[in-house]
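**Q** Take a look at protein.pdb, PDB, C-alpha atoms, pLDDT in the B column:
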MODEL        1
ATOM      1  CA  MET E   1      45.468 190.039  13.373  1.00 85.00           C
ATOM      2  CA  PRO E   2      46.774 186.913  15.166  1.00 90.00           C
ATOM      3  CA  ALA E   3      47.840 183.782  13.314  1.00 94.00           C
ATOM      4  CA  LYS E   4      45.169 181.391  12.057  1.00 96.00           C
ATOM      5  CA  GLU E   5      46.047 178.795  14.709  1.00 96.00           C
ATOM      6  CA  ILE E   6      45.179 181.283  17.449  1.00 97.00           C
ATOM      7  CA  LEU E   7      41.983 182.427  15.762  1.00 97.00           C
ATOM      8  CA  ALA E   8      40.895 178.800  15.419  1.00 97.00           C
ATOM      9  CA  ALA E   9      41.486 178.178  19.128  1.00 97.00           C
ATOM     10  CA  ILE E  10      39.544 181.339  19.993  1.00 97.00           C
ATOM     11  CA  ARG E  11      36.627 180.099  17.898  1.00 97.00           C
ATOM     12  CA  GLU E  12      36.671 176.849  19.914  1.00 96.00           C
ATOM     13  CA  LEU E  13      36.324 178.893  23.101  1.00 96.00           C
ATOM     14  CA  GLU E  14      33.386 180.840  21.699  1.00 96.00           C
ATOM     15  CA  VAL E  15      31.594 177.705  20.526  1.00 95.00           C
ATOM     16  CA  VAL E  16      31.357 176.414  24.105  1.00 94.00           C
ATOM     17  CA  GLY E  17      30.241 179.694  25.598  1.00 95.00           C
ATOM     18  CA  TRP E  18      33.381 181.610  26.473  1.00 96.00           C
ATOM     19  CA  ARG E  19      33.044 185.379  26.064  1.00 96.00           C
ATOM     20  CA  VAL E  20      35.940 186.805  24.073  1.00 97.00           C
ATOM     21  CA  GLN E  21      36.608 190.501  24.386  1.00 95.00           C
ATOM     22  CA  ILE E  22      39.005 191.946  21.806  1.00 94.00           C
ATOM     23  CA  ALA E  23      41.458 194.436  23.311  1.00 89.00           C
ATOM     24  CA  SER E  24      41.241 197.997  22.151  1.00 81.00           C
ATOM     25  CA  GLY E  25      44.206 200.110  21.135  1.00 74.00           C
ATOM     26  CA  GLN E  26      47.772 199.014  20.616  1.00 75.00           C
ATOM     27  CA  SER E  27      48.753 196.325  23.051  1.00 86.00           C
ATOM     28  CA  HIS E  28      50.433 192.954  23.123  1.00 92.00           C
ATOM     29  CA  ALA E  29      47.215 191.382  24.386  1.00 94.00           C
ATOM     30  CA  TYR E  30      44.864 190.650  21.493  1.00 95.00           C
ATOM     31  CA  ALA E  31      41.912 189.524  23.578  1.00 95.00           C
ATOM     32  CA  LYS E  32      40.701 188.470  26.976  1.00 96.00           C
ATOM     33  CA  ALA E  33      38.512 185.380  27.305  1.00 97.00           C
ATOM     34  CA  TYR E  34      36.053 184.649  30.115  1.00 97.00           C
ATOM     35  CA  CYS E  35      34.739 181.160  30.812  1.00 96.00           C
ATOM     36  CA  PRO E  36      30.981 180.486  31.187  1.00 94.00           C
ATOM     37  CA  GLY E  37      31.366 180.251  34.978  1.00 92.00           C
ATOM     38  CA  GLY E  38      31.121 184.004  35.438  1.00 89.00           C
ATOM     39  CA  VAL E  39      32.502 185.432  38.679  1.00 87.00           C
ATOM     40  CA  ASP E  40      32.930 181.920  40.102  1.00 89.00           C
ATOM     41  CA  GLY E  41      34.564 180.667  36.920  1.00 93.00           C
ATOM     42  CA  CYS E  42      38.142 180.321  35.755  1.00 95.00           C
ATOM     43  CA  PRO E  43      40.436 183.342  35.922  1.00 96.00           C
ATOM     44  CA  PRO E  44      40.357 185.391  32.703  1.00 97.00           C
ATOM     45  CA  LEU E  45      42.594 184.146  29.913  1.00 98.00           C
ATOM     46  CA  THR E  46      44.672 186.781  28.143  1.00 97.00           C
ATOM     47  CA  ILE E  47      45.581 185.921  24.560  1.00 96.00           C
ATOM     48  CA  TYR E  48      48.658 187.586  23.131  1.00 95.00           C
ATOM     49  CA  GLY E  49      48.338 188.514  19.463  1.00 92.00           C
ATOM     50  CA  THR E  50      51.950 188.016  18.425  1.00 92.00           C
ATOM     51  CA  PRO E  51      53.415 185.094  20.376  1.00 95.00           C
ATOM     52  CA  LYS E  52      56.752 183.548  19.472  1.00 96.00           C
ATOM     53  CA  VAL E  53      55.114 180.290  18.329  1.00 96.00           C
ATOM     54  CA  PRO E  54      51.416 180.630  17.428  1.00 96.00           C
ATOM     55  CA  GLU E  55      50.872 176.860  17.657  1.00 96.00           C
ATOM     56  CA  ASN E  56      52.043 176.893  21.276  1.00 96.00           C
ATOM     57  CA  GLU E  57      49.780 179.828  22.154  1.00 96.00           C
ATOM     58  CA  ALA E  58      46.876 177.951  20.553  1.00 96.00           C
ATOM     59  CA  ALA E  59      47.775 174.836  22.578  1.00 94.00           C
ATOM     60  CA  LYS E  60      47.655 176.880  25.789  1.00 95.00           C
ATOM     61  CA  ILE E  61      44.274 178.338  24.858  1.00 96.00           C
ATOM     62  CA  ARG E  62      42.984 174.795  24.306  1.00 94.00           C
ATOM     63  CA  ARG E  63      44.542 173.753  27.617  1.00 92.00           C
ATOM     64  CA  ALA E  64      42.552 176.459  29.424  1.00 95.00           C
ATOM     65  CA  LEU E  65      39.454 175.231  27.629  1.00 93.00           C
ATOM     66  CA  ALA E  66      40.115 171.573  28.509  1.00 89.00           C
ATOM     67  CA  ARG E  67      40.613 172.393  32.175  1.00 89.00           C
ATOM     68  CA  CYS E  68      37.483 174.510  32.524  1.00 92.00           C
ATOM     69  CA  GLU E  69      34.820 172.756  34.582  1.00 88.00           C
ATOM     70  CA  HIS E  70      32.138 175.397  34.078  1.00 86.00           C
ATOM     71  CA  GLY E  71      29.302 175.523  31.586  1.00 72.00           C
ATOM     72  CA  ASP E  72      27.794 172.537  29.742  1.00 67.00           C
TER      73      ASP E  72
ATOM     74  CA  MET I   1      67.546 173.193  22.845  1.00 88.00           C
ATOM     75  CA  ASP I   2      64.333 171.607  24.089  1.00 92.00           C
ATOM     76  CA  ILE I   3      61.042 173.361  24.767  1.00 95.00           C
ATOM     77  CA  TYR I   4      59.936 173.064  28.390  1.00 96.00           C
ATOM     78  CA  TRP I   5      56.242 173.281  29.278  1.00 96.00           C
ATOM     79  CA  PHE I   6      55.335 174.327  32.810  1.00 97.00           C
ATOM     80  CA  GLU I   7      53.174 176.734  34.779  1.00 97.00           C
ATOM     81  CA  LEU I   8      53.927 179.368  37.358  1.00 98.00           C
ATOM     82  CA  GLU I   9      51.288 180.100  39.973  1.00 98.00           C
ATOM     83  CA  VAL I  10      50.874 183.824  40.574  1.00 98.00           C
ATOM     84  CA  SER I  11      49.252 185.576  43.525  1.00 95.00           C
ATOM     85  CA  GLY I  12      46.561 188.125  42.838  1.00 84.00           C
ATOM     86  CA  PRO I  13      45.606 190.622  41.848  1.00 95.00           C
ATOM     87  CA  ILE I  14      46.969 190.363  38.320  1.00 97.00           C
ATOM     88  CA  THR I  15      45.981 193.357  36.211  1.00 95.00           C
ATOM     89  CA  ASP I  16      46.167 194.333  32.540  1.00 94.00           C
ATOM     90  CA  VAL I  17      49.204 196.421  33.469  1.00 95.00           C
ATOM     91  CA  HIS I  18      51.052 193.283  34.613  1.00 97.00           C
ATOM     92  CA  VAL I  19      50.038 191.357  31.512  1.00 96.00           C
ATOM     93  CA  GLU I  20      51.065 194.153  29.168  1.00 96.00           C
ATOM     94  CA  ALA I  21      54.404 194.615  30.962  1.00 96.00           C
ATOM     95  CA  LEU I  22      55.092 190.896  30.583  1.00 97.00           C
ATOM     96  CA  GLY I  23      54.198 191.030  26.888  1.00 96.00           C
ATOM     97  CA  GLU I  24      56.485 194.009  26.391  1.00 95.00           C
ATOM     98  CA  ASN I  25      59.418 192.409  28.231  1.00 96.00           C
ATOM     99  CA  LEU I  26      59.115 189.044  26.508  1.00 97.00           C
ATOM    100  CA  SER I  27      58.620 190.617  23.109  1.00 95.00           C
ATOM    101  CA  ALA I  28      61.803 192.653  23.557  1.00 94.00           C
ATOM    102  CA  ALA I  29      63.687 189.553  24.743  1.00 93.00           C
ATOM    103  CA  GLY I  30      62.960 187.396  21.706  1.00 89.00           C
ATOM    104  CA  GLY I  31      59.287 186.551  21.725  1.00 95.00           C
ATOM    105  CA  ILE I  32      56.232 185.910  23.859  1.00 97.00           C
ATOM    106  CA  ASP I  33      56.182 182.330  25.141  1.00 98.00           C
ATOM    107  CA  ALA I  34      53.778 182.834  28.071  1.00 98.00           C
ATOM    108  CA  THR I  35      50.003 182.825  28.363  1.00 98.00           C
ATOM    109  CA  VAL I  36      48.400 184.428  31.398  1.00 98.00           C
ATOM    110  CA  GLN I  37      45.250 183.027  32.991  1.00 98.00           C
ATOM    111  CA  ALA I  38      44.940 185.152  36.085  1.00 97.00           C
ATOM    112  CA  GLY I  39      42.864 187.920  37.585  1.00 95.00           C
ATOM    113  CA  GLU I  40      41.845 189.450  40.901  1.00 94.00           C
ATOM    114  CA  ARG I  41      42.472 186.209  42.792  1.00 94.00           C
ATOM    115  CA  GLY I  42      45.696 185.316  41.017  1.00 96.00           C
ATOM    116  CA  GLY I  43      46.011 182.330  38.720  1.00 97.00           C
ATOM    117  CA  ALA I  44      48.677 180.817  36.523  1.00 97.00           C
ATOM    118  CA  VAL I  45      50.988 181.667  33.666  1.00 98.00           C
ATOM    119  CA  MET I  46      51.598 178.868  31.164  1.00 98.00           C
ATOM    120  CA  PHE I  47      55.043 178.730  29.559  1.00 98.00           C
ATOM    121  CA  SER I  48      56.503 176.896  26.569  1.00 97.00           C
ATOM    122  CA  ARG I  49      60.096 178.014  26.926  1.00 97.00           C
ATOM    123  CA  GLN I  50      63.094 177.015  24.861  1.00 96.00           C
ATOM    124  CA  ALA I  51      66.197 176.796  27.030  1.00 96.00           C
ATOM    125  CA  GLU I  52      69.416 174.898  27.689  1.00 96.00           C
ATOM    126  CA  ASP I  53      67.739 172.963  30.492  1.00 97.00           C
ATOM    127  CA  ALA I  54      64.575 172.939  32.602  1.00 96.00           C
ATOM    128  CA  VAL I  55      66.077 174.818  35.543  1.00 97.00           C
ATOM    129  CA  GLN I  56      67.167 177.679  33.287  1.00 97.00           C
ATOM    130  CA  ALA I  57      63.745 177.723  31.643  1.00 97.00           C
ATOM    131  CA  ILE I  58      61.848 177.930  34.939  1.00 98.00           C
ATOM    132  CA  VAL I  59      64.153 180.340  36.749  1.00 98.00           C
ATOM    133  CA  SER I  60      64.246 182.743  33.787  1.00 97.00           C
ATOM    134  CA  ALA I  61      60.438 182.598  33.603  1.00 98.00           C
ATOM    135  CA  ILE I  62      60.154 183.474  37.308  1.00 98.00           C
ATOM    136  CA  GLU I  63      62.489 186.423  36.708  1.00 97.00           C
ATOM    137  CA  ASP I  64      60.344 187.554  33.764  1.00 97.00           C
ATOM    138  CA  LEU I  65      57.145 187.512  35.835  1.00 98.00           C
ATOM    139  CA  GLU I  66      58.756 189.318  38.736  1.00 97.00           C
ATOM    140  CA  ALA I  67      60.164 191.954  36.359  1.00 97.00           C
ATOM    141  CA  ALA I  68      56.580 192.534  35.236  1.00 97.00           C
ATOM    142  CA  GLY I  69      55.530 193.090  38.850  1.00 97.00           C
ATOM    143  CA  MET I  70      53.891 189.717  39.468  1.00 97.00           C
ATOM    144  CA  THR I  71      54.367 187.610  42.595  1.00 96.00           C
ATOM    145  CA  VAL I  72      55.273 183.990  41.848  1.00 97.00           C
ATOM    146  CA  ALA I  73      53.914 181.522  44.407  1.00 96.00           C
ATOM    147  CA  GLY I  74      54.691 178.127  42.878  1.00 97.00           C
ATOM    148  CA  VAL I  75      55.739 175.977  39.928  1.00 97.00           C
ATOM    149  CA  SER I  76      53.896 173.086  38.327  1.00 94.00           C
ATOM    150  CA  GLU I  77      55.269 170.592  35.826  1.00 92.00           C
ATOM    151  CA  ASP I  78      53.467 169.909  32.544  1.00 91.00           C
ATOM    152  CA  ARG I  79      50.049 168.651  33.690  1.00 92.00           C
ATOM    153  CA  VAL I  80      47.533 167.319  31.205  1.00 93.00           C
ATOM    154  CA  THR I  81      43.886 166.360  30.979  1.00 92.00           C
ATOM    155  CA  VAL I  82      42.532 163.129  29.501  1.00 93.00           C
ATOM    156  CA  ASP I  83      41.856 164.941  26.223  1.00 90.00           C
ATOM    157  CA  GLU I  84      45.447 166.172  26.037  1.00 90.00           C
ATOM    158  CA  ILE I  85      46.797 162.693  26.828  1.00 93.00           C
ATOM    159  CA  ALA I  86      44.638 161.302  24.028  1.00 93.00           C
ATOM    160  CA  GLN I  87      45.907 163.913  21.604  1.00 88.00           C
ATOM    161  CA  ARG I  88      49.556 163.319  22.494  1.00 88.00           C
ATOM    162  CA  ALA I  89      49.231 159.520  22.492  1.00 90.00           C
ATOM    163  CA  LYS I  90      47.238 159.680  19.229  1.00 90.00           C
ATOM    164  CA  VAL I  91      44.328 157.665  20.616  1.00 93.00           C
ATOM    165  CA  THR I  92      40.753 158.538  21.569  1.00 95.00           C
ATOM    166  CA  ALA I  93      39.818 159.987  24.946  1.00 94.00           C
ATOM    167  CA  ALA I  94      37.749 156.845  25.510  1.00 95.00           C
ATOM    168  CA  SER I  95      40.908 154.722  25.160  1.00 94.00           C
ATOM    169  CA  VAL I  96      42.653 156.818  27.803  1.00 95.00           C
ATOM    170  CA  ARG I  97      39.696 156.370  30.152  1.00 95.00           C
ATOM    171  CA  TYR I  98      39.981 152.596  29.681  1.00 96.00           C
ATOM    172  CA  TRP I  99      43.693 152.796  30.608  1.00 96.00           C
ATOM    173  CA  ILE I 100      42.838 154.854  33.683  1.00 96.00           C
ATOM    174  CA  ALA I 101      40.160 152.380  34.747  1.00 95.00           C
ATOM    175  CA  GLY I 102      42.564 149.486  34.173  1.00 94.00           C
ATOM    176  CA  GLU I 103      40.183 147.885  31.683  1.00 94.00           C
ATOM    177  CA  ARG I 104      42.800 148.034  28.918  1.00 91.00           C
ATOM    178  CA  GLY I 105      46.577 148.211  28.896  1.00 89.00           C
ATOM    179  CA  PRO I 106      48.951 146.859  31.542  1.00 91.00           C
ATOM    180  CA  GLY I 107      47.258 148.682  34.463  1.00 93.00           C
ATOM    181  CA  GLY I 108      48.861 150.971  36.994  1.00 95.00           C
ATOM    182  CA  PHE I 109      48.042 154.197  35.135  1.00 96.00           C
ATOM    183  CA  PRO I 110      49.435 157.164  37.110  1.00 96.00           C
ATOM    184  CA  GLU I 111      47.108 158.789  39.633  1.00 96.00           C
ATOM    185  CA  PRO I 112      46.069 162.361  38.842  1.00 96.00           C
ATOM    186  CA  LYS I 113      48.119 165.103  40.432  1.00 94.00           C
ATOM    187  CA  VAL I 114      44.927 167.132  40.773  1.00 92.00           C
ATOM    188  CA  ALA I 115      41.677 165.137  40.970  1.00 93.00           C
ATOM    189  CA  ARG I 116      38.772 167.163  39.620  1.00 89.00           C
ATOM    190  CA  ARG I 117      35.151 166.551  38.739  1.00 85.00           C
ATOM    191  CA  ARG I 118      35.548 166.733  34.970  1.00 83.00           C
ATOM    192  CA  ALA I 119      39.097 167.615  34.127  1.00 87.00           C
ATOM    193  CA  SER I 120      41.592 165.873  36.414  1.00 93.00           C
ATOM    194  CA  LEU I 121      45.206 166.779  35.764  1.00 94.00           C
ATOM    195  CA  TYR I 122      47.927 164.165  35.263  1.00 95.00           C
ATOM    196  CA  SER I 123      51.703 164.494  35.232  1.00 95.00           C
ATOM    197  CA  TRP I 124      52.731 164.214  31.591  1.00 94.00           C
ATOM    198  CA  ALA I 125      56.155 163.009  32.753  1.00 93.00           C
ATOM    199  CA  GLU I 126      54.499 160.090  34.590  1.00 94.00           C
ATOM    200  CA  VAL I 127      52.023 159.377  31.810  1.00 95.00           C
ATOM    201  CA  SER I 128      54.681 159.398  29.086  1.00 93.00           C
ATOM    202  CA  ALA I 129      56.795 156.998  31.188  1.00 93.00           C
ATOM    203  CA  TRP I 130      53.727 154.733  31.554  1.00 95.00           C
ATOM    204  CA  LEU I 131      53.087 154.890  27.808  1.00 94.00           C
ATOM    205  CA  ALA I 132      56.695 153.935  27.114  1.00 92.00           C
ATOM    206  CA  ALA I 133      56.565 151.014  29.577  1.00 93.00           C
ATOM    207  CA  ALA I 134      53.346 149.845  27.917  1.00 92.00           C
ATOM    208  CA  LYS I 135      54.985 150.196  24.485  1.00 91.00           C
ATOM    209  CA  LEU I 136      52.353 152.743  23.545  1.00 88.00           C
ATOM    210  CA  GLY I 137      54.647 155.744  23.211  1.00 85.00           C
ATOM    211  CA  GLU I 138      58.004 157.203  24.128  1.00 83.00           C
ATOM    212  CA  VAL I 139      59.316 158.765  27.309  1.00 87.00           C
ATOM    213  CA  ASP I 140      59.222 162.564  27.088  1.00 90.00           C
ATOM    214  CA  HIS I 141      62.618 163.310  28.578  1.00 91.00           C
ATOM    215  CA  ALA I 142      62.072 167.081  28.608  1.00 92.00           C
ATOM    216  CA  ALA I 143      58.861 166.541  30.597  1.00 92.00           C
ATOM    217  CA  ALA I 144      60.681 164.287  33.074  1.00 91.00           C
ATOM    218  CA  GLU I 145      63.395 166.910  33.504  1.00 93.00           C
ATOM    219  CA  THR I 146      60.744 169.621  33.919  1.00 94.00           C
ATOM    220  CA  ALA I 147      58.964 167.573  36.601  1.00 93.00           C
ATOM    221  CA  ARG I 148      62.174 167.219  38.638  1.00 93.00           C
ATOM    222  CA  ALA I 149      63.117 170.897  38.222  1.00 95.00           C
ATOM    223  CA  SER I 150      59.585 172.062  39.050  1.00 94.00           C
ATOM    224  CA  ALA I 151      59.538 170.137  42.339  1.00 94.00           C
ATOM    225  CA  LEU I 152      62.904 171.576  43.348  1.00 95.00           C
ATOM    226  CA  ILE I 153      62.150 175.171  42.386  1.00 96.00           C
ATOM    227  CA  ASP I 154      58.665 175.017  43.904  1.00 95.00           C
ATOM    228  CA  ALA I 155      60.294 174.010  47.193  1.00 95.00           C
ATOM    229  CA  ALA I 156      62.798 176.857  46.800  1.00 95.00           C
ATOM    230  CA  LEU I 157      59.927 179.319  46.441  1.00 96.00           C
ATOM    231  CA  VAL I 158      58.372 177.963  49.643  1.00 94.00           C
ATOM    232  CA  VAL I 159      61.678 178.447  51.436  1.00 93.00           C
ATOM    233  CA  ARG I 160      62.076 181.960  50.034  1.00 92.00           C
ATOM    234  CA  HIS I 161      58.601 182.916  51.200  1.00 92.00           C
ATOM    235  CA  GLY I 162      59.167 181.274  54.594  1.00 93.00           C
ATOM    236  CA  LEU I 163      62.453 183.100  55.124  1.00 93.00           C
ATOM    237  CA  ARG I 164      60.686 186.433  54.708  1.00 91.00           C
ATOM    238  CA  GLU I 165      58.282 185.462  57.491  1.00 93.00           C
ATOM    239  CA  LEU I 166      61.031 184.477  59.928  1.00 95.00           C
ATOM    240  CA  PRO I 167      62.657 186.840  62.433  1.00 95.00           C
ATOM    241  CA  LYS I 168      65.843 188.257  60.887  1.00 93.00           C
ATOM    242  CA  HIS I 169      68.129 186.461  63.345  1.00 95.00           C
ATOM    243  CA  ASP I 170      66.719 183.055  62.315  1.00 94.00           C
ATOM    244  CA  ARG I 171      67.008 183.555  58.555  1.00 93.00           C
ATOM    245  CA  PRO I 172      70.723 182.661  58.218  1.00 93.00           C
ATOM    246  CA  LEU I 173      70.089 179.389  60.092  1.00 93.00           C
ATOM    247  CA  VAL I 174      67.561 178.174  57.539  1.00 91.00           C
ATOM    248  CA  ALA I 175      69.422 179.702  54.608  1.00 89.00           C
ATOM    249  CA  GLY I 176      72.525 177.814  55.723  1.00 91.00           C
ATOM    250  CA  ILE I 177      70.739 174.489  55.351  1.00 89.00           C
ATOM    251  CA  VAL I 178      69.805 175.070  51.721  1.00 83.00           C
ATOM    252  CA  ALA I 179      72.985 176.897  50.649  1.00 77.00           C
TER     253      ALA I 179
ENDMDL
END
Kindly transcribe the structure held in the file into structure tokens.

**A**
Amino acid sequence: MPAKEILAAIRELEVVGWRVQIASGQSHAYAKAYCPGGVDGCPPLTIYGTPKVPENEAAKIRRALARCEHGD
Amino acid sequence: MDIYWFELEVSGPITDVHVEALGENLSAAGGIDATVQAGERGGAVMFSRQAEDAVQAIVSAIEDLEAAGMTVAGVSEDRVTVDEIAQRAKVTAASVRYWIAGERGPGGFPEPKVARRRASLYSWAEVSAWLAAAKLGEVDHAAAETARASALIDAALVVRHGLRELPKHDRPLVAGIVA
């Protein structure tokens, strides 16, 4: 399970309509997140489960969210 | 050592195999400091890399992506939205919008590097310098260094790509200029 900072950032994505798909099996990627824009939206965001600095990974997730121009 | 924030533009398609290979390589080399936002049409990889200097941070990141099978097309310095500026400057987003509009502060707020409908992107190096000049913050020297290194290495990537397109007999002529 990723650090709480990452889980909190993922929840922020979900609140505004991003679809978060948890990866299956053993992999470095914990989840893949898709913005509300669908096929015309932002490229998918891969979230690593065990980054070096969880706070920095969370900041990058929030950066992707802040830059997204799709959805409400 | 400072942490350098920057992005590498990658050409598509970027698959789960690429992303997993990058995770594996970085994990083995001391930890994952990259976040991939890319798919069929390419995208970007965001880095927060600790290094001796910005050039070493960016060049090592390019090597990491290429080792994972990705094609690196460009480098961007640390670019931020209004919300991120507000967070870093410890003010509200509304205050930043006033600075941008010139309705508060000394005026002359940096122009966005990428103008967008809702989420324009500003150079954090330029914004932090503006904040320092306005006595509203401090210059982020690592960001300034990253901005300079990004411009140089981005140009180097253009040259590298261009050399591959040139006839073989012309390549040493151009390479000689930059060597």

**Q** Compute the chain E side of the contact with chain I at 7 Å, counting only C-alpha atoms, and hand it back as a PDB file with C-alpha atoms, keeping the file's coordinate frame.

**A**
ATOM      1  CA  SER E  27      48.753 196.325  23.051  1.00 86.00           C
ATOM      2  CA  HIS E  28      50.433 192.954  23.123  1.00 92.00           C
ATOM      3  CA  ALA E  29      47.215 191.382  24.386  1.00 94.00           C
ATOM      4  CA  PRO E  43      40.436 183.342  35.922  1.00 96.00           C
ATOM      5  CA  PRO E  44      40.357 185.391  32.703  1.00 97.00           C
ATOM      6  CA  LEU E  45      42.594 184.146  29.913  1.00 98.00           C
ATOM      7  CA  THR E  46      44.672 186.781  28.143  1.00 97.00           C
ATOM      8  CA  ILE E  47      45.581 185.921  24.560  1.00 96.00           C
ATOM      9  CA  PRO E  51      53.415 185.094  20.376  1.00 95.00           C
ATOM     10  CA  LYS E  52      56.752 183.548  19.472  1.00 96.00           C
ATOM     11  CA  ASN E  56      52.043 176.893  21.276  1.00 96.00           C
ATOM     12  CA  GLU E  57      49.780 179.828  22.154  1.00 96.00           C
ATOM     13  CA  LYS E  60      47.655 176.880  25.789  1.00 95.00           C
ATOM     14  CA  ALA E  66      40.115 171.573  28.509  1.00 89.00           C
ATOM     15  CA  ARG E  67      40.613 172.393  32.175  1.00 89.00           C
ATOM     16  CA  GLU E  69      34.820 172.756  34.582  1.00 88.00           C
TER      17      GLU E  69
END

**Q** Please report the interatomic distance between CA of Glu12 in chain E and CA of Ser95 in chain I in Å with one decimal.

**A**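 Value for the CA of Glu12 in chain E-CA of Ser95 in chain I distance: 23.1 Å.
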
**Q** Figure out the distance between CA of Gly41 in chain E and CA of Cys68 in chain E, please, to one decimal in Å.

**A** 8.1 Å

**Q** With a distance cut-off of 9 Å and all atoms listed in the file, select the neighbouring residues of Gly74 in chain I, excluding the residue or stretch itself and same-chain residues fewer than 4 positions from it, and output the selection as a list in words.

**A**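 Final neighbour list, sorted by chain and number: Glu7, Leu8, Glu9, Val10, Ser150, Ile153, Asp154, Ala155, Leu157 and Val158 of chain I.
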
**Q** Expressed in Å to a single decimal, how great is the separation between CA of Ala54 in chain I and CA of Ile3 in chain I?

**A**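 These two atoms are separated by 8.6 Å.
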
**Q** Restricting the calculation to all atoms listed in the file: of I:Lys168, I:Met1, I:Val174, I:Gly105, which residue gets closest to Ala57 in chain I?

**A**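 Answer, going by the shortest atom-to-atom distance: I:Met1.
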